[in-house]
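Pasted below: entry01.cif, mmCIF, C-alpha atoms.
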```
data_data
loop_
_atom_site.label_atom_id
_atom_site.label_comp_id
_atom_site.auth_asym_id
_atom_site.auth_seq_id
_atom_site.Cartn_x
_atom_site.Cartn_y
_atom_site.Cartn_z
CA MET Y 1314 31.91 36.47 -51.91
CA ARG Y 1315 30.82 35.70 -48.38
CA ALA Y 1316 32.60 33.11 -46.25
CA ASN Y 1317 29.76 30.67 -46.96
CA GLY Y 1318 30.29 31.06 -50.73
CA SER Y 1319 27.31 33.32 -51.43
CA ARG Y 1320 27.68 36.72 -53.04
CA MET Y 1321 27.01 40.12 -51.54
CA SER Y 1322 23.44 41.26 -51.89
CA PRO Y 1323 22.84 44.32 -54.08
CA ARG Y 1324 22.09 46.33 -50.91
CA GLU Y 1325 25.35 45.23 -49.29
CA LEU Y 1326 27.26 46.06 -52.45
CA ALA Y 1327 25.64 49.51 -52.69
CA ALA Y 1328 26.28 50.27 -49.02
CA GLY Y 1329 29.85 49.04 -49.38
CA ALA Y 1330 30.38 51.25 -52.43
CA LEU Y 1331 29.02 54.30 -50.59
CA LEU Y 1332 31.19 53.65 -47.53
CA THR Y 1333 34.22 53.02 -49.76
CA ALA Y 1334 33.61 56.33 -51.53
CA LEU Y 1335 33.39 58.03 -48.16
CA ALA Y 1336 36.62 56.31 -47.05
CA LEU Y 1337 38.32 57.69 -50.17
CA VAL Y 1338 36.87 61.20 -49.82
CA ILE Y 1339 37.68 61.76 -46.13
CA PRO Y 1340 41.48 61.93 -46.61
CA LEU Y 1341 41.06 63.97 -49.79
CA VAL Y 1342 38.68 66.56 -48.33
CA PHE Y 1343 40.08 66.74 -44.79
CA GLN Y 1344 43.72 66.94 -45.91
CA GLY Y 1345 45.34 69.85 -44.10
CA TRP Y 1346 42.06 70.88 -42.49
CA LEU Y 1347 40.78 68.30 -40.00
CA GLN Y 1348 44.06 66.42 -40.03
CA VAL Y 1349 47.27 66.32 -38.02
CA TYR Y 1350 50.32 65.15 -40.00
CA VAL Y 1351 53.94 64.75 -38.84
CA PRO Y 1352 55.80 63.10 -41.78
CA PRO Y 1353 59.12 62.23 -40.09
CA LEU Y 1354 57.27 60.11 -37.54
CA GLY Y 1355 54.73 58.59 -39.93
CA LEU Y 1356 52.15 60.17 -37.66
CA SER Y 1357 48.78 61.40 -38.85
CA ALA Y 1358 45.23 61.60 -37.58
CA THR Y 1359 42.28 62.54 -39.76
CA LEU Y 1360 38.95 63.15 -38.05
CA ALA Y 1361 36.38 60.39 -38.73
CA SER Y 1362 38.70 58.45 -41.05
CA HIS Y 1363 37.90 55.17 -39.28
CA VAL Y 1364 34.13 55.64 -39.30
CA PRO Y 1365 33.44 54.15 -42.77
CA SER Y 1366 35.44 51.00 -41.95
CA MET Y 1367 33.73 50.76 -38.57
CA LEU Y 1368 30.29 51.04 -40.16
CA GLY Y 1369 31.25 48.43 -42.76
CA MET Y 1370 31.79 45.95 -39.91
CA PHE Y 1371 28.06 45.97 -39.23
CA ILE Y 1372 27.17 45.01 -42.81
CA SER Y 1373 29.48 42.08 -43.61
CA PRO Y 1374 33.13 40.99 -43.47
CA ALA Y 1375 33.45 41.47 -47.24
CA VAL Y 1376 32.07 45.01 -47.07
CA ALA Y 1377 34.33 45.80 -44.12
CA ALA Y 1378 37.42 44.66 -46.05
CA LEU Y 1379 36.30 46.54 -49.18
CA VAL Y 1380 35.94 49.78 -47.23
CA GLY Y 1381 39.35 49.22 -45.63
CA ILE Y 1382 40.89 48.90 -49.09
CA GLY Y 1383 39.24 52.19 -50.09
CA SER Y 1384 40.63 53.87 -46.99
CA THR Y 1385 44.11 52.57 -47.79
CA LEU Y 1386 43.91 53.94 -51.34
CA GLY Y 1387 42.64 57.31 -50.11
CA PHE Y 1388 45.61 57.72 -47.79
CA LEU Y 1389 48.04 56.45 -50.42
CA MET Y 1390 46.82 59.22 -52.76
CA THR Y 1391 47.12 61.95 -50.14
CA LEU Y 1392 49.83 61.08 -47.62
CA GLY Y 1393 52.03 58.43 -49.23
CA PRO Y 1394 53.12 54.87 -48.53
CA VAL Y 1395 53.80 55.02 -44.78
CA ILE Y 1396 50.35 56.37 -43.94
CA ALA Y 1397 48.83 53.99 -46.52
CA GLY Y 1398 50.65 51.14 -44.77
CA ARG Y 1399 49.05 52.23 -41.54
CA ALA Y 1400 45.65 52.54 -43.22
CA ALA Y 1401 45.96 48.96 -44.47
CA SER Y 1402 45.24 48.00 -40.85
CA HIS Y 1403 41.66 49.12 -41.56
CA ILE Y 1404 41.23 46.07 -43.80
CA VAL Y 1405 42.21 43.72 -40.98
CA PHE Y 1406 40.54 45.36 -37.98
CA ALA Y 1407 37.28 45.91 -39.87
CA PHE Y 1408 37.21 42.32 -41.14
CA VAL Y 1409 37.90 40.98 -37.63
CA GLY Y 1410 35.23 43.29 -36.21
CA ALA Y 1411 32.69 42.09 -38.78
CA VAL Y 1412 33.40 38.48 -37.86
CA LEU Y 1413 32.98 39.28 -34.14
CA TYR Y 1414 29.70 41.09 -34.85
CA ARG Y 1415 28.43 38.17 -36.91
CA ALA Y 1416 29.30 35.92 -33.97
CA GLY Y 1417 26.91 37.93 -31.79
CA MET Y 1418 29.14 40.47 -30.05
CA ARG Y 1419 27.49 43.83 -29.33
CA PRO Y 1420 28.68 46.81 -31.41
CA GLY Y 1421 30.36 48.70 -28.57
CA TRP Y 1422 32.25 45.58 -27.52
CA VAL Y 1423 33.25 44.87 -31.13
CA LEU Y 1424 34.76 48.33 -31.49
CA ALA Y 1425 36.58 47.95 -28.16
CA ALA Y 1426 37.85 44.46 -29.05
CA VAL Y 1427 39.41 45.56 -32.34
CA LEU Y 1428 41.11 48.64 -30.84
CA PRO Y 1429 44.33 46.77 -29.86
CA VAL Y 1430 44.41 45.00 -33.24
CA HIS Y 1431 44.06 48.34 -35.03
CA ALA Y 1432 46.56 50.27 -32.90
CA GLY Y 1433 49.07 47.41 -32.87
CA LEU Y 1434 49.00 46.98 -36.64
CA GLU Y 1435 49.43 50.71 -37.26
CA GLY Y 1436 52.42 50.79 -34.90
CA LEU Y 1437 53.84 47.70 -36.59
CA ALA Y 1438 53.48 49.33 -40.01
CA VAL Y 1439 55.46 52.37 -38.85
CA TRP Y 1440 58.14 50.18 -37.29
CA LEU Y 1441 58.48 48.06 -40.44
CA LEU Y 1442 58.50 51.03 -42.84
CA LEU Y 1443 60.51 53.57 -40.83
CA ARG Y 1444 62.40 51.39 -38.34
CA GLN Y 1445 61.75 53.92 -35.58
CA LYS Y 1446 60.66 52.33 -32.31
CA GLU Y 1447 59.64 55.62 -30.67
CA ALA Y 1448 57.57 56.65 -33.69
CA ALA Y 1449 55.89 53.23 -33.74
CA LEU Y 1450 54.99 53.55 -30.06
CA ALA Y 1451 53.67 57.10 -30.56
CA VAL Y 1452 51.55 55.98 -33.51
CA THR Y 1453 50.18 53.04 -31.50
CA GLY Y 1454 49.07 55.36 -28.69
CA LEU Y 1455 47.65 58.01 -31.01
CA THR Y 1456 45.80 55.37 -33.00
CA ALA Y 1457 44.21 53.98 -29.83
CA LEU Y 1458 42.91 57.45 -28.90
CA HIS Y 1459 41.80 58.19 -32.47
CA HIS Y 1460 40.07 54.79 -32.73
CA ALA Y 1461 38.17 55.46 -29.50
CA ALA Y 1462 37.00 58.89 -30.69
CA ASP Y 1463 35.94 57.56 -34.10
CA ALA Y 1464 34.20 54.60 -32.42
CA LEU Y 1465 31.98 57.02 -30.52
CA ILE Y 1466 31.09 58.76 -33.79
CA ALA Y 1467 30.47 55.42 -35.53
CA LEU Y 1468 28.20 54.20 -32.72
CA ARG Y 1469 26.09 57.36 -32.92
CA VAL Y 1470 25.80 57.08 -36.71
CA LEU Y 1471 25.02 53.35 -36.42
CA MET Y 1472 22.23 53.99 -33.92
CA ALA Y 1473 20.76 56.69 -36.16
CA LEU Y 1474 20.85 54.35 -39.16
CA TRP Y 1475 19.20 51.55 -37.19
CA ARG Y 1476 16.47 53.91 -36.02
CA ALA Y 1477 15.96 55.02 -39.63
CA HIS Y 1478 15.50 51.33 -40.52
CA VAL Y 1479 18.35 51.22 -43.01
CA GLY Y 1480 17.85 47.62 -44.10
CA VAL Y 1481 21.42 46.66 -44.93
CA LEU Y 1482 22.53 47.21 -41.33
CA ARG Y 1483 21.47 44.35 -39.14
CA GLY Y 1484 20.63 45.94 -35.82
CA PRO Y 1485 19.75 44.07 -32.66
CA ALA Y 1486 16.23 42.69 -32.54
CA SER Y 1487 15.60 44.59 -29.30
CA LEU Y 1488 16.04 47.88 -31.15
CA ARG Y 1489 13.22 47.01 -33.52
CA THR Y 1490 10.83 46.19 -30.67
CA ARG Y 1491 11.46 49.18 -28.42
CA GLY Y 1492 9.26 52.21 -28.42
CA ALA Y 1493 10.24 55.75 -29.27
CA GLY Y 1494 12.51 57.46 -26.80
CA GLN Y 1495 13.99 54.25 -25.39
CA LYS Y 1496 17.69 53.73 -25.98
CA GLU Y 1497 19.49 50.56 -26.95
CA ARG Y 1498 22.67 49.84 -25.04
CA VAL Y 1499 25.64 49.32 -27.31
#
```
This structure in structure tokens:
Amino acid sequence: MRANGSRMSPRELAAGALLTALALVIPLVFQGWLQVYVPPLGLSATLASHVPSMLGMFISPAVAALVGIGSTLGFLMTLGPVIAGRAASHIVFAFVGAVLYRAGMRPGWVLAAVLPVHAGLEGLAVWLLLRQKEAALAVTGLTALHHAADALIALRVLMALWRAHVGVLRGPASLRTRGAGQKERV
């Protein structure tokens, strides 16, 4: 249900399901391949793992939270409860990002605004679950870098989807009125 009481549209539900599936598959497929994992510190980084949650922000808050839940489950299945606790931050940062986007904030600014929320919550999860201050600080810093890298990927994918006129993603009106070859600032 949306904040105003209405339900998700079938397109939003389908897009949310696809992004949730992707959020589940990324930790399963990339495990040990495009992933850094240091268990004693609760430290991990999986390439593009934040991208589905980031894309969900530009559909709706409900979709963003749904994708975050999928990401959490994917990491619970592959890397255990500490990493899943960190991944639960995807639910919060994506939901907050979706609300900011709905309020009119530009995509690049949304992704920048939620970076401290994301990194802080992941560090907090490590501190609460492992009680290691140094590990929590390391995870916070790594998450900030990882978030920034994945944000660049998400922005590129978002722009490509807008240009392909994927209807469920509400792009800026200026993108729809510009001619070919002109770029939209995000």
Q: List the neighbours of His1459 in chain Y out to 9 Å using all atoms listed in the file; skip same-chain residues closer than 3 positions along the sequence, and give me the result as a list in words.
A: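 Those residues are Ala1358, Thr1359, Leu1360, Ala1361, His1363, Gly1454, Leu1455, Thr1456, Ala1462, Asp1463 and Ala1464 of chain Y.
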**Q.** Target residues per the PyMOL selection byres ((chain Y and resi 1446-1448) around 8), formatted as a count of residues only
**A.** 12
**Q.** Chain and number of each residue from the PyMOL selection byres ((chain Y and resi 1427) around 8), as an NGL selection string
**A.** :Y and (1406-1407 or 1409-1410 or 1423-1426 or 1428-1431)
Sorted per-residue table, range 1317-1414 of chain Y near range 1474-1484 of chain Y, closest atoms and distance, 12 Å, all atoms listed in the file, as a tab-separated table:
```
residue	atom	partner	partner_atom	distance
Y:Met1321	CA	Y:Val1481	CA	10.8
Y:Ser1322	CA	Y:Val1481	CA	9.0
Y:Pro1323	CA	Y:Val1481	CA	9.6
Y:Arg1324	CA	Y:Val1481	CA	6.0
Y:Glu1325	CA	Y:Val1481	CA	6.0
Y:Leu1326	CA	Y:Val1481	CA	9.5
Y:Ala1327	CA	Y:Val1481	CA	9.3
Y:Ala1328	CA	Y:Val1481	CA	7.3
Y:Gly1329	CA	Y:Val1481	CA	9.8
Y:Leu1368	CA	Y:Leu1482	CA	8.7
Y:Gly1369	CA	Y:Leu1482	CA	8.9
Y:Met1370	CA	Y:Leu1482	CA	9.5
Y:Phe1371	CA	Y:Leu1482	CA	6.0
Y:Ile1372	CA	Y:Leu1482	CA	5.3
Y:Ser1373	CA	Y:Leu1482	CA	8.9
Y:Val1376	CA	Y:Val1481	CA	11.0
Y:Ala1411	CA	Y:Arg1483	CA	11.5
Y:Tyr1414	CA	Y:Arg1483	CA	9.8
```
Q | For Gly1398 in chain Y, the nearest of the candidates Y:Leu1442, Y:Ala1432, Y:Leu1337, Y:Leu1471, counting all atoms listed in the file | A | Y:Leu1442
Q) Just how far from CA of Val1380 in chain Y is CA of Ala1330 in chain Y, in Å to one decimal? A)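 Separating CA of Ala1330 in chain Y from CA of Val1380 in chain Y is a distance of 7.8 Å.
CA of Leu1332 in chain Y lies 28.7 Å from CA of Leu1441 in chain Y.
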Got a sec: who's within 8 Å of Leu1468 in chain Y, counting all atoms listed in the file, leaving out chain neighbours fewer than 3 positions off, as a short mmCIF file (atom, residue, chain, number, x, y, z; two decimals) with C-alpha atoms, in the frame of the given file?
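Output below, filename selection_33.cif:
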```cif
data_model
loop_
_atom_site.label_atom_id
_atom_site.label_comp_id
_atom_site.auth_asym_id
_atom_site.auth_seq_id
_atom_site.Cartn_x
_atom_site.Cartn_y
_atom_site.Cartn_z
CA PRO Y 1420 28.68 46.81 -31.41
CA GLY Y 1421 30.36 48.70 -28.57
CA ALA Y 1464 34.20 54.60 -32.42
CA LEU Y 1465 31.98 57.02 -30.52
CA LEU Y 1471 25.02 53.35 -36.42
CA MET Y 1472 22.23 53.99 -33.92
CA VAL Y 1499 25.64 49.32 -27.31
#
```
(Q) Just checking: using all atoms listed in the file, which residue out of Y:Gln1348, Y:Ser1402, Y:Ser1357, Y:Ser1366 ends up closest to Leu1331 in chain Y? (A)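 Residue with the minimum atom-to-atom distance to Leu1331 in chain Y: Y:Ser1366.
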**Q.** Between CA of Leu1386 in chain Y and CA of Trp1422 in chain Y, distance in Å (one decimal)
**A.** 27.8 Å
Q: Find the residue from Y:Gly1433, Y:Arg1415, Y:Pro1353, Y:Leu1347 that sits nearest to His1460 in chain Y; use all atoms listed in the file when measuring.
A: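 Smallest distance to His1460 in chain Y is found for Y:Gly1433.
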**Q.** For Pro1394 in chain Y, the nearest of the candidates Y:Ser1362, Y:Pro1352, Y:Arg1320, Y:Leu1379, counting all atoms listed in the file
**A.** Y:Pro1352
Export range 1345-1376 of chain Y, N, CA and C atoms, as a compact mmCIF listing (two decimals), in the first residue's frame; it's the structure right above.
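part.txt written:
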```
# COMPACT_ATOMS: atom_id res chain seq x y z
N GLY Y 1345 31.86 -14.90 -3.74
CA GLY Y 1345 33.21 -15.39 -3.98
C GLY Y 1345 33.83 -14.96 -5.29
N TRP Y 1346 33.10 -14.23 -6.10
CA TRP Y 1346 33.60 -13.83 -7.41
C TRP Y 1346 33.78 -12.32 -7.47
N LEU Y 1347 32.72 -11.57 -7.45
CA LEU Y 1347 32.80 -10.11 -7.43
C LEU Y 1347 32.46 -9.60 -6.03
N GLN Y 1348 33.10 -10.22 -5.06
CA GLN Y 1348 32.76 -9.95 -3.66
C GLN Y 1348 34.01 -10.02 -2.79
N VAL Y 1349 34.11 -9.08 -1.86
CA VAL Y 1349 35.15 -9.10 -0.84
C VAL Y 1349 34.44 -9.45 0.46
N TYR Y 1350 35.00 -10.41 1.23
CA TYR Y 1350 34.34 -10.83 2.46
C TYR Y 1350 35.40 -11.11 3.53
N VAL Y 1351 35.28 -10.41 4.67
CA VAL Y 1351 36.18 -10.61 5.81
C VAL Y 1351 35.29 -10.89 7.02
N PRO Y 1352 34.96 -12.17 7.29
CA PRO Y 1352 33.99 -12.53 8.33
C PRO Y 1352 34.27 -11.98 9.73
N PRO Y 1353 35.51 -12.02 10.23
CA PRO Y 1353 35.71 -11.56 11.60
C PRO Y 1353 35.32 -10.09 11.82
N LEU Y 1354 35.38 -9.31 10.75
CA LEU Y 1354 35.04 -7.89 10.88
C LEU Y 1354 33.62 -7.58 10.42
N GLY Y 1355 32.89 -8.58 9.96
CA GLY Y 1355 31.55 -8.32 9.42
C GLY Y 1355 31.62 -7.45 8.19
N LEU Y 1356 32.73 -7.56 7.47
CA LEU Y 1356 33.00 -6.71 6.32
C LEU Y 1356 32.79 -7.47 5.02
N SER Y 1357 32.00 -6.89 4.15
CA SER Y 1357 31.82 -7.47 2.82
C SER Y 1357 31.47 -6.35 1.85
N ALA Y 1358 31.74 -6.59 0.60
CA ALA Y 1358 31.33 -5.66 -0.46
C ALA Y 1358 31.09 -6.50 -1.71
N THR Y 1359 29.89 -6.41 -2.24
CA THR Y 1359 29.52 -7.16 -3.43
C THR Y 1359 29.16 -6.15 -4.51
N LEU Y 1360 29.88 -6.21 -5.63
CA LEU Y 1360 29.67 -5.27 -6.72
C LEU Y 1360 28.20 -5.19 -7.12
N ALA Y 1361 27.68 -3.98 -7.21
CA ALA Y 1361 26.33 -3.66 -7.68
C ALA Y 1361 25.22 -4.12 -6.75
N SER Y 1362 25.54 -4.54 -5.53
CA SER Y 1362 24.50 -5.04 -4.64
C SER Y 1362 23.50 -3.98 -4.20
N HIS Y 1363 23.88 -2.71 -4.27
CA HIS Y 1363 22.96 -1.64 -3.88
C HIS Y 1363 22.11 -1.14 -5.04
N VAL Y 1364 22.47 -1.49 -6.24
CA VAL Y 1364 21.80 -0.95 -7.43
C VAL Y 1364 20.30 -1.26 -7.47
N PRO Y 1365 19.85 -2.50 -7.19
CA PRO Y 1365 18.41 -2.73 -7.22
C PRO Y 1365 17.64 -1.86 -6.23
N SER Y 1366 18.16 -1.72 -5.00
CA SER Y 1366 17.49 -0.87 -4.01
C SER Y 1366 17.49 0.59 -4.46
N MET Y 1367 18.59 1.02 -5.05
CA MET Y 1367 18.68 2.40 -5.53
C MET Y 1367 17.69 2.65 -6.66
N LEU Y 1368 17.54 1.70 -7.57
CA LEU Y 1368 16.57 1.85 -8.65
C LEU Y 1368 15.14 1.83 -8.11
N GLY Y 1369 14.89 1.02 -7.10
CA GLY Y 1369 13.57 0.96 -6.49
C GLY Y 1369 13.13 2.30 -5.92
N MET Y 1370 14.08 3.12 -5.50
CA MET Y 1370 13.76 4.44 -4.95
C MET Y 1370 13.03 5.32 -5.97
N PHE Y 1371 13.29 5.08 -7.25
CA PHE Y 1371 12.72 5.94 -8.29
C PHE Y 1371 11.40 5.39 -8.83
N ILE Y 1372 10.88 4.36 -8.16
CA ILE Y 1372 9.56 3.82 -8.49
C ILE Y 1372 8.56 4.23 -7.41
N SER Y 1373 8.81 3.80 -6.17
CA SER Y 1373 7.94 4.19 -5.06
C SER Y 1373 8.59 3.79 -3.74
N PRO Y 1374 8.17 4.39 -2.63
CA PRO Y 1374 8.70 3.97 -1.33
C PRO Y 1374 8.41 2.50 -1.03
N ALA Y 1375 7.23 2.01 -1.40
CA ALA Y 1375 6.89 0.61 -1.14
C ALA Y 1375 7.79 -0.33 -1.93
N VAL Y 1376 8.03 -0.01 -3.19
CA VAL Y 1376 8.92 -0.83 -4.01
C VAL Y 1376 10.33 -0.79 -3.45
```
